[in-house]
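In what follows, a single structure is set out as structure tokens and then discussed.
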Amino acid sequence: MPDEPKTLDPAARPATTTAPAATTTPHGAAVTGDSPVPGRAQRWTLGLVTLGLVLAALNLRPAITSLGALLEEVSADLHMSGTVAGVLTSVPPLCFAVFGITAPRLARRFGPAAVVCAGMAAIFAGLVLRPFAGGTVGFLAASALALMGIAVSNVLMPVIVKRYFPDRIGSMTGLYSMALALGTSVAAAATVPMTAALGGDWRIGLGVWAAVAALAVLPWIPLVRDRDRGPATTGKAATTKTAGAAAATEAPAPRITRSRTAWALGCYFGLQATGAYITMGWMPQIFRDAGVPASTAGVLLAVTMVMGVPLAFVIPRLATRMKNQGPIVVALGLCGLAGYTGLFLAPSAGAWFWAVLLGVSNCSFPLALTMIGMRSRTGAGVVRLSAFAQSVGYLISIPGPLLVGVLYQHSGGWGLPIALMGGLMVPQMIIGILAGRDRTVEDEC
């Protein structure tokens with residue numbers, strides 16, 4: 001699959017006596033067939049989508065990692081037990097599974113850009129309301145509202161990329177994955193010191209992130225009515241590509257449940273999400289219980305998350321250049337296995353090294369997103385596959401954080417929970433190898 005669009009040699013174009021055909025941008029601006037660059041409206045649309053993708057990705061994790069950094073303070077203030085705190089860390093994958101499955105239907109009715117816009121608005125509303133919740137139930141409800149917005153946006157990010165940037169899936173997936181990792185790490189690192197600087201109230205520390213979510217709504221507002229495929233390409237290539245794209249869009253979507261690759265992707269997504277949400281929800285507490293100061297524990301989580309900033313850009317580009325992504329799956333899995341082993345044996349002594357290894361392992365997420373875009377030939381297939389793989393995956397990941405909380409409370413230590421985390425890396429590598437094989441769901445269905 002090419003990573004960058006190919007440029008036609010003007011000299012290679014056949015002579016023609018007819019006027020060049022005109023294509024139309026999503027906003028109605030005509031672009032002549034021999035135009036060497038997209039029209040102004042087209043460039044504006046692509047730039048707006050790019051900005052929207054980056055700002056949306058920045059807001060897909062702070063609602064979770066900011067809470068992980070202050071989980072001890074929130075639990076104490078709202079009188080949560082270890083089990084209830086485990087339930088709280090399981091809410092994100094539950095919401096992602098329940099609400100993510102609705103994304104394809106919403107996208108067909110309103111358009112994916114409109115749904116992402118509504119998702120960003122839901123994140124903003126949830127983050128504004130959450131700090132003022134009077135108890136655990138209200139806190140969970142406000143969190144669920146924000147997570148609902150994250151869920152539908154999670155599913156539609158690969159769809160937006162496939163729609164507007166069909167020839168740059170690797171680079172654009174890398175761009176928003178990098179922004180996602182940046183937002184995740186900044187929220188983890190900055191929440192504790194920012195809370196202290198603002199008076200020490202965890203409510204203010206969590207509520208600040210609503211301002212970032214408000215910014216993410218703005219780029220999507222002009223795109224709300226854009227339900228077309230996205231900006232047209234130009235020239236004779238445009239005719240071929242547009243016709244092919246239209247045929248792909250009109251083709252019936254594959255029955256995903258019949259595809260072994262779809263199930264493998266769903267399971268791989270679930271196992272990597274299990275590790276990611278256990279890490280985001282519990283890793284600061286593991287370090288704090290090992291004697292690491294709270295502020296340092298937050299920074300360690302940030303180190304884990306920030307590893308995804310460069311790697312989230314590199315890994316998708318590398319994956320699109322390989323027919324089989326199994327070797328990348330194994331390399332990331334071995335880093336995770338080594339990180340959990342170190343966390344089990346010497347959590348404080350090698351804390352920084354373990355954080356780096358686990359951060360590399362968590363880059364299984366952008367790899368999974370890239371494989372979703374590669375395992376289907378059509379836009380309809382990507383929508384179905386993205387919703388299926390993420391919903392199945394998040395359902396699989398729900399018990400993980402909860403089980404870690406239960407084991408921690410009843411065993412009185414982190415030995416068993418960390419052993420569970422490390423053990424899950426083995427099936428993750430096996431399933432990932434199956435998901436990385438060079439095939440598409442359309443072939444299997």
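By order in the structure tokens, chains are A, B, ...; within a chain, residues start at 1; ligands start at 1, following the order shown.
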Worksheet item: If you count only C-alpha atoms, which residues fall within 12 Å of Ala338 in chain A, apart from same-chain ones fewer than 6 positions away, as a VMD selection string?
Response: chain A and resid 331 to 332 344 to 346 350 353 to 361 418 to 419 421 to 423 425 to 426
Using all heavy atoms, can you export the residues from the last selection as a short mmCIF file (atom, residue, chain, number, x, y, z; two decimals), in the first residue's frame?
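As written to disk, out-v6.cif reads:
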```
data_model
loop_
_atom_site.label_atom_id
_atom_site.label_comp_id
_atom_site.auth_asym_id
_atom_site.auth_seq_id
_atom_site.Cartn_x
_atom_site.Cartn_y
_atom_site.Cartn_z
N ALA A 331 8.02 -7.75 18.39
CA ALA A 331 8.98 -6.82 19.00
C ALA A 331 8.32 -6.00 20.10
O ALA A 331 8.89 -5.84 21.19
CB ALA A 331 9.56 -5.90 17.92
N LEU A 332 7.12 -5.49 19.85
CA LEU A 332 6.42 -4.70 20.87
C LEU A 332 6.03 -5.56 22.06
O LEU A 332 6.11 -5.14 23.22
CB LEU A 332 5.19 -4.04 20.26
CG LEU A 332 5.43 -3.03 19.13
CD1 LEU A 332 4.11 -2.48 18.60
CD2 LEU A 332 6.31 -1.89 19.61
N PHE A 344 7.96 -6.30 38.29
CA PHE A 344 7.73 -7.33 39.30
C PHE A 344 8.94 -7.47 40.22
O PHE A 344 8.80 -7.59 41.44
CB PHE A 344 7.45 -8.67 38.61
CG PHE A 344 7.15 -9.80 39.54
CD1 PHE A 344 5.86 -10.06 39.96
CD2 PHE A 344 8.17 -10.63 40.01
CE1 PHE A 344 5.59 -11.11 40.83
CE2 PHE A 344 7.92 -11.68 40.86
CZ PHE A 344 6.61 -11.92 41.28
N LEU A 345 10.14 -7.43 39.64
CA LEU A 345 11.36 -7.71 40.42
C LEU A 345 11.90 -6.49 41.15
O LEU A 345 12.35 -6.60 42.30
CB LEU A 345 12.44 -8.28 39.49
CG LEU A 345 12.12 -9.62 38.82
CD1 LEU A 345 13.22 -9.99 37.83
CD2 LEU A 345 11.95 -10.71 39.88
N ALA A 346 11.88 -5.32 40.51
CA ALA A 346 12.48 -4.13 41.12
C ALA A 346 11.73 -2.89 40.66
O ALA A 346 12.22 -2.12 39.83
CB ALA A 346 13.96 -4.02 40.74
N GLY A 350 14.51 0.25 38.97
CA GLY A 350 14.61 0.46 37.52
C GLY A 350 13.39 1.13 36.94
O GLY A 350 13.04 0.90 35.78
N PHE A 353 13.47 2.78 33.43
CA PHE A 353 13.66 1.84 32.33
C PHE A 353 12.38 1.05 32.06
O PHE A 353 12.00 0.83 30.91
CB PHE A 353 14.82 0.91 32.64
CG PHE A 353 15.22 0.02 31.51
CD1 PHE A 353 15.41 0.53 30.23
CD2 PHE A 353 15.40 -1.34 31.70
CE1 PHE A 353 15.77 -0.28 29.16
CE2 PHE A 353 15.76 -2.17 30.65
CZ PHE A 353 15.95 -1.64 29.38
N TRP A 354 11.72 0.62 33.13
CA TRP A 354 10.47 -0.13 32.95
C TRP A 354 9.41 0.76 32.29
O TRP A 354 8.63 0.28 31.45
CB TRP A 354 9.94 -0.67 34.28
CG TRP A 354 10.94 -1.30 35.19
CD1 TRP A 354 10.99 -1.19 36.56
CD2 TRP A 354 12.04 -2.15 34.84
NE1 TRP A 354 12.04 -1.89 37.07
CE2 TRP A 354 12.70 -2.50 36.04
CE3 TRP A 354 12.53 -2.65 33.64
CZ2 TRP A 354 13.83 -3.32 36.08
CZ3 TRP A 354 13.67 -3.45 33.66
CH2 TRP A 354 14.29 -3.78 34.85
N ALA A 355 9.38 2.03 32.66
CA ALA A 355 8.41 2.95 32.05
C ALA A 355 8.65 3.08 30.55
O ALA A 355 7.71 3.12 29.75
CB ALA A 355 8.50 4.31 32.73
N VAL A 356 9.92 3.14 30.15
CA VAL A 356 10.25 3.24 28.73
C VAL A 356 9.83 1.98 27.98
O VAL A 356 9.21 2.04 26.90
CB VAL A 356 11.76 3.50 28.54
CG1 VAL A 356 12.16 3.33 27.08
CG2 VAL A 356 12.13 4.90 29.02
N LEU A 357 10.14 0.81 28.54
CA LEU A 357 9.78 -0.45 27.88
C LEU A 357 8.27 -0.59 27.72
O LEU A 357 7.78 -1.02 26.67
CB LEU A 357 10.34 -1.63 28.67
CG LEU A 357 11.86 -1.87 28.58
CD1 LEU A 357 12.27 -2.98 29.54
CD2 LEU A 357 12.26 -2.23 27.15
N LEU A 358 7.54 -0.24 28.77
CA LEU A 358 6.07 -0.35 28.69
C LEU A 358 5.51 0.68 27.72
O LEU A 358 4.49 0.44 27.07
CB LEU A 358 5.46 -0.17 30.08
CG LEU A 358 5.77 -1.31 31.05
CD1 LEU A 358 5.25 -0.99 32.45
CD2 LEU A 358 5.16 -2.62 30.56
N GLY A 359 6.18 1.83 27.60
CA GLY A 359 5.75 2.82 26.62
C GLY A 359 5.92 2.32 25.20
O GLY A 359 5.04 2.54 24.34
N VAL A 360 7.02 1.63 24.94
CA VAL A 360 7.23 1.03 23.61
C VAL A 360 6.16 -0.03 23.35
O VAL A 360 5.57 -0.09 22.26
CB VAL A 360 8.64 0.43 23.50
CG1 VAL A 360 8.80 -0.31 22.17
CG2 VAL A 360 9.70 1.51 23.64
N SER A 361 5.87 -0.84 24.34
CA SER A 361 4.87 -1.89 24.19
C SER A 361 3.49 -1.32 23.89
O SER A 361 2.73 -1.89 23.10
CB SER A 361 4.82 -2.75 25.46
OG SER A 361 3.82 -3.73 25.36
N ILE A 418 0.81 -7.83 38.61
CA ILE A 418 1.85 -7.63 37.61
C ILE A 418 2.12 -8.93 36.85
O ILE A 418 2.36 -8.93 35.63
CB ILE A 418 3.13 -7.11 38.27
CG1 ILE A 418 2.90 -5.69 38.81
CG2 ILE A 418 4.30 -7.10 37.28
CD1 ILE A 418 4.04 -5.13 39.61
N ALA A 419 2.05 -10.07 37.55
CA ALA A 419 2.21 -11.36 36.88
C ALA A 419 1.11 -11.56 35.84
O ALA A 419 1.36 -12.09 34.74
CB ALA A 419 2.19 -12.49 37.90
N MET A 421 -0.46 -9.13 34.21
CA MET A 421 -0.18 -8.23 33.09
C MET A 421 0.88 -8.81 32.16
O MET A 421 0.74 -8.81 30.93
CB MET A 421 0.32 -6.88 33.61
CG MET A 421 -0.65 -6.14 34.51
SD MET A 421 0.12 -4.59 35.13
CE MET A 421 -0.71 -4.43 36.70
N GLY A 422 1.96 -9.34 32.74
CA GLY A 422 3.01 -9.93 31.92
C GLY A 422 2.55 -11.16 31.18
O GLY A 422 2.90 -11.37 30.01
N GLY A 423 1.74 -11.99 31.84
CA GLY A 423 1.25 -13.21 31.20
C GLY A 423 0.38 -12.94 29.98
O GLY A 423 0.37 -13.73 29.02
N MET A 425 0.83 -10.80 27.74
CA MET A 425 1.61 -10.43 26.56
C MET A 425 1.80 -11.61 25.61
O MET A 425 1.94 -11.41 24.40
CB MET A 425 2.98 -9.88 26.99
CG MET A 425 2.94 -8.62 27.83
SD MET A 425 1.98 -7.27 27.10
CE MET A 425 2.80 -7.04 25.55
N VAL A 426 1.80 -12.83 26.13
CA VAL A 426 2.02 -14.01 25.29
C VAL A 426 0.87 -14.21 24.30
O VAL A 426 1.10 -14.28 23.07
CB VAL A 426 2.27 -15.26 26.14
CG1 VAL A 426 2.41 -16.49 25.25
CG2 VAL A 426 3.50 -15.08 27.01
#
```
Discussion item. Env of Gly298 in chain A: 12 Å cut, atoms = only C-alpha atoms, seq-sep filter 4 positions within chain, self excluded. Answer as number ranges by chain.
Written reply: A: 65-72, 184-194, 279-288, 292-294, 302-305, 351-352, 355
Output N, CA, C and O atoms for every residue in that selection, as a short mmCIF file (atom, residue, chain, number, x, y, z; two decimals), in the first residue's frame.
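Output file again.cif follows:
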```
data_model
loop_
_atom_site.label_atom_id
_atom_site.label_comp_id
_atom_site.auth_asym_id
_atom_site.auth_seq_id
_atom_site.Cartn_x
_atom_site.Cartn_y
_atom_site.Cartn_z
N THR A 65 -6.05 9.55 31.68
CA THR A 65 -4.75 9.61 32.33
C THR A 65 -4.69 10.69 33.41
O THR A 65 -3.94 10.56 34.37
N SER A 66 -5.46 11.77 33.26
CA SER A 66 -5.50 12.76 34.33
C SER A 66 -6.12 12.17 35.59
O SER A 66 -5.68 12.46 36.71
N LEU A 67 -7.12 11.31 35.41
CA LEU A 67 -7.72 10.64 36.56
C LEU A 67 -6.77 9.63 37.18
O LEU A 67 -6.69 9.52 38.41
N GLY A 68 -6.01 8.91 36.34
CA GLY A 68 -5.05 7.94 36.88
C GLY A 68 -4.03 8.60 37.78
O GLY A 68 -3.64 8.04 38.82
N ALA A 69 -3.59 9.81 37.42
CA ALA A 69 -2.60 10.51 38.24
C ALA A 69 -3.15 10.94 39.58
O ALA A 69 -2.40 11.08 40.56
N LEU A 70 -4.47 11.16 39.66
CA LEU A 70 -5.10 11.62 40.91
C LEU A 70 -6.05 10.58 41.50
O LEU A 70 -6.91 10.92 42.31
N LEU A 71 -5.89 9.33 41.09
CA LEU A 71 -6.85 8.30 41.52
C LEU A 71 -6.89 8.15 43.03
O LEU A 71 -7.96 7.97 43.62
N GLU A 72 -5.75 8.24 43.70
CA GLU A 72 -5.73 8.09 45.15
C GLU A 72 -6.52 9.20 45.84
O GLU A 72 -7.31 8.94 46.76
N THR A 184 -1.99 12.15 25.84
CA THR A 184 -1.98 11.19 26.94
C THR A 184 -0.85 11.48 27.92
O THR A 184 -1.06 11.51 29.14
N SER A 185 0.35 11.71 27.41
CA SER A 185 1.51 11.89 28.27
C SER A 185 1.49 13.23 28.99
O SER A 185 1.84 13.33 30.17
N VAL A 186 1.06 14.29 28.30
CA VAL A 186 1.01 15.60 28.94
C VAL A 186 0.00 15.59 30.09
O VAL A 186 0.27 16.14 31.17
N ALA A 187 -1.15 14.97 29.88
CA ALA A 187 -2.15 14.90 30.95
C ALA A 187 -1.62 14.12 32.15
O ALA A 187 -1.85 14.49 33.30
N ALA A 188 -0.89 13.05 31.89
CA ALA A 188 -0.33 12.24 32.98
C ALA A 188 0.73 13.01 33.75
O ALA A 188 0.77 12.96 35.00
N ALA A 189 1.58 13.75 33.04
CA ALA A 189 2.69 14.44 33.69
C ALA A 189 2.26 15.74 34.36
O ALA A 189 2.76 16.10 35.43
N ALA A 190 1.34 16.47 33.74
CA ALA A 190 1.03 17.83 34.20
C ALA A 190 -0.07 17.90 35.23
O ALA A 190 -0.18 18.91 35.94
N THR A 191 -0.91 16.86 35.35
CA THR A 191 -2.08 16.98 36.21
C THR A 191 -1.72 17.19 37.67
O THR A 191 -2.28 18.08 38.34
N VAL A 192 -0.78 16.41 38.21
CA VAL A 192 -0.43 16.54 39.64
C VAL A 192 0.21 17.89 39.93
O VAL A 192 -0.25 18.60 40.84
N PRO A 193 1.27 18.31 39.24
CA PRO A 193 1.84 19.63 39.54
C PRO A 193 0.89 20.78 39.26
O PRO A 193 0.89 21.78 39.98
N MET A 194 0.06 20.65 38.23
CA MET A 194 -0.91 21.70 37.94
C MET A 194 -1.96 21.79 39.04
O MET A 194 -2.37 22.89 39.45
N THR A 279 -2.23 0.03 32.62
CA THR A 279 -1.09 0.93 32.80
C THR A 279 -1.55 2.33 33.16
O THR A 279 -1.06 2.95 34.12
N MET A 280 -2.49 2.88 32.39
CA MET A 280 -2.97 4.23 32.64
C MET A 280 -3.68 4.37 33.97
O MET A 280 -3.57 5.39 34.64
N GLY A 281 -4.41 3.32 34.36
CA GLY A 281 -5.18 3.41 35.60
C GLY A 281 -4.39 3.09 36.85
O GLY A 281 -4.66 3.65 37.92
N TRP A 282 -3.40 2.18 36.75
CA TRP A 282 -2.77 1.65 37.96
C TRP A 282 -1.27 1.89 38.08
O TRP A 282 -0.73 1.79 39.18
N MET A 283 -0.58 2.20 36.99
CA MET A 283 0.87 2.30 37.08
C MET A 283 1.35 3.37 38.07
O MET A 283 2.30 3.13 38.83
N PRO A 284 0.74 4.56 38.11
CA PRO A 284 1.18 5.52 39.13
C PRO A 284 1.04 4.97 40.55
O PRO A 284 1.91 5.21 41.41
N GLN A 285 -0.03 4.22 40.81
CA GLN A 285 -0.23 3.66 42.15
C GLN A 285 0.81 2.58 42.45
O GLN A 285 1.27 2.45 43.60
N ILE A 286 1.19 1.80 41.44
CA ILE A 286 2.23 0.78 41.64
C ILE A 286 3.53 1.45 42.08
O ILE A 286 4.18 1.02 43.04
N PHE A 287 3.90 2.52 41.40
CA PHE A 287 5.13 3.22 41.77
C PHE A 287 5.02 3.91 43.13
O PHE A 287 5.96 3.91 43.92
N ARG A 288 3.86 4.47 43.41
CA ARG A 288 3.68 5.15 44.71
C ARG A 288 3.77 4.14 45.86
O ARG A 288 4.35 4.42 46.90
N VAL A 292 7.84 5.58 45.46
CA VAL A 292 8.11 6.70 44.56
C VAL A 292 7.15 7.84 44.88
O VAL A 292 5.95 7.61 45.06
N PRO A 293 7.61 9.10 44.97
CA PRO A 293 6.72 10.24 45.25
C PRO A 293 5.62 10.36 44.20
O PRO A 293 5.78 9.96 43.04
N ALA A 294 4.48 10.94 44.61
CA ALA A 294 3.32 11.03 43.72
C ALA A 294 3.64 11.79 42.44
O ALA A 294 3.25 11.38 41.33
N ALA A 302 3.86 9.54 32.44
CA ALA A 302 4.02 10.40 31.26
C ALA A 302 5.13 9.87 30.35
O ALA A 302 5.02 9.93 29.12
N VAL A 303 6.22 9.37 30.95
CA VAL A 303 7.30 8.79 30.15
C VAL A 303 6.78 7.61 29.34
O VAL A 303 7.08 7.45 28.15
N THR A 304 5.97 6.77 29.98
CA THR A 304 5.38 5.63 29.29
C THR A 304 4.53 6.10 28.11
O THR A 304 4.61 5.54 27.01
N MET A 305 3.72 7.14 28.35
CA MET A 305 2.83 7.62 27.31
C MET A 305 3.59 8.37 26.21
O MET A 305 3.27 8.27 25.03
N ALA A 351 12.74 1.98 37.75
CA ALA A 351 11.44 2.55 37.37
C ALA A 351 11.45 3.22 36.01
O ALA A 351 10.56 3.01 35.18
N TRP A 352 12.49 4.02 35.72
CA TRP A 352 12.52 4.76 34.47
C TRP A 352 12.66 3.83 33.27
O TRP A 352 12.02 4.05 32.22
N ALA A 355 9.38 2.03 32.66
CA ALA A 355 8.41 2.95 32.05
C ALA A 355 8.65 3.08 30.55
O ALA A 355 7.71 3.12 29.75
#
```
Worksheet item: Any idea what's packed within 7 Å of Gln390 in chain A, counting only C-alpha atoms, ignoring anything in its chain fewer than 6 positions away? Could you give it as an MDAnalysis selection string?
Response: chainID A and resid 97 155 266 269
Write the residues you've just listed into a file as a PDB file, in the first residue's frame, and include C-alpha atoms for each of them.
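Final file, part38.pdb:
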```pdb
ATOM      1  CA  ALA A  97     -17.360  -1.011  23.535  1.00  0.00           C
ATOM      2  CA  VAL A 155     -13.899   4.348  15.844  1.00  0.00           C
ATOM      3  CA  GLY A 266     -10.609  -7.587  17.664  1.00  0.00           C
ATOM      4  CA  PHE A 269      -7.029  -4.808  20.000  1.00  0.00           C
TER       5      PHE A 269
END
```
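When the distance limit is 8 Å and only C-alpha atoms are what count, the residues near Met371 in chain A, minus those fewer than 2 positions from it on the same chain, are Leu265, Ala319, Leu367, Ala368, Leu369, Gly373, Met374, Arg375, Ala435 and Gly436 of chain A.
The nearest approach to Ala211 in chain A among the residues A:Leu46, A:Gly126, A:Ala103, A:Met157, with only C-alpha atoms taken into account, belongs to A:Gly126.
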Fill in: 6 Å contact set for Ser259 in chain A, only C-alpha atoms, chain neighbours under 2 positions out, as a PyMOL selection string
chain A and resi 256-257+261-262+441+444-445
Given the selection you just returned, output its residues as a file containing N, CA, C and O atoms, formatted as a PDB file, in the first residue's frame.
```pdb
ATOM      1  N   ILE A 256     -18.625  -8.818   8.672  1.00  0.00           N
ATOM      2  CA  ILE A 256     -17.371  -8.883   9.405  1.00  0.00           C
ATOM      3  C   ILE A 256     -17.276 -10.123  10.293  1.00  0.00           C
ATOM      4  O   ILE A 256     -16.194 -10.693  10.475  1.00  0.00           O
ATOM      5  N   THR A 257     -18.388 -10.566  10.835  1.00  0.00           N
ATOM      6  CA  THR A 257     -18.342 -11.687  11.773  1.00  0.00           C
ATOM      7  C   THR A 257     -17.883 -12.982  11.117  1.00  0.00           C
ATOM      8  O   THR A 257     -17.556 -13.941  11.817  1.00  0.00           O
ATOM      9  N   THR A 261      -9.759 -12.784  10.200  1.00  0.00           N
ATOM     10  CA  THR A 261      -8.869 -11.645  10.414  1.00  0.00           C
ATOM     11  C   THR A 261      -9.539 -10.591  11.281  1.00  0.00           C
ATOM     12  O   THR A 261      -8.902  -9.978  12.140  1.00  0.00           O
ATOM     13  N   ALA A 262     -10.843 -10.348  11.064  1.00  0.00           N
ATOM     14  CA  ALA A 262     -11.570  -9.378  11.888  1.00  0.00           C
ATOM     15  C   ALA A 262     -11.582  -9.815  13.352  1.00  0.00           C
ATOM     16  O   ALA A 262     -11.376  -8.996  14.258  1.00  0.00           O
ATOM     17  N   VAL A 441     -10.598  -8.430   4.796  1.00  0.00           N
ATOM     18  CA  VAL A 441     -11.839  -9.038   5.267  1.00  0.00           C
ATOM     19  C   VAL A 441     -12.766  -9.340   4.112  1.00  0.00           C
ATOM     20  O   VAL A 441     -13.577 -10.280   4.176  1.00  0.00           O
ATOM     21  N   GLU A 444     -12.149 -12.800   2.864  1.00  0.00           N
ATOM     22  CA  GLU A 444     -12.592 -13.863   3.784  1.00  0.00           C
ATOM     23  C   GLU A 444     -14.119 -13.924   3.892  1.00  0.00           C
ATOM     24  O   GLU A 444     -14.653 -14.940   4.314  1.00  0.00           O
ATOM     25  N   CYS A 445     -14.780 -12.827   3.537  1.00  0.00           N
ATOM     26  CA  CYS A 445     -16.239 -12.829   3.650  1.00  0.00           C
ATOM     27  C   CYS A 445     -16.922 -13.193   2.338  1.00  0.00           C
ATOM     28  O   CYS A 445     -18.109 -13.080   2.199  1.00  0.00           O
TER      29      CYS A 445
END
```
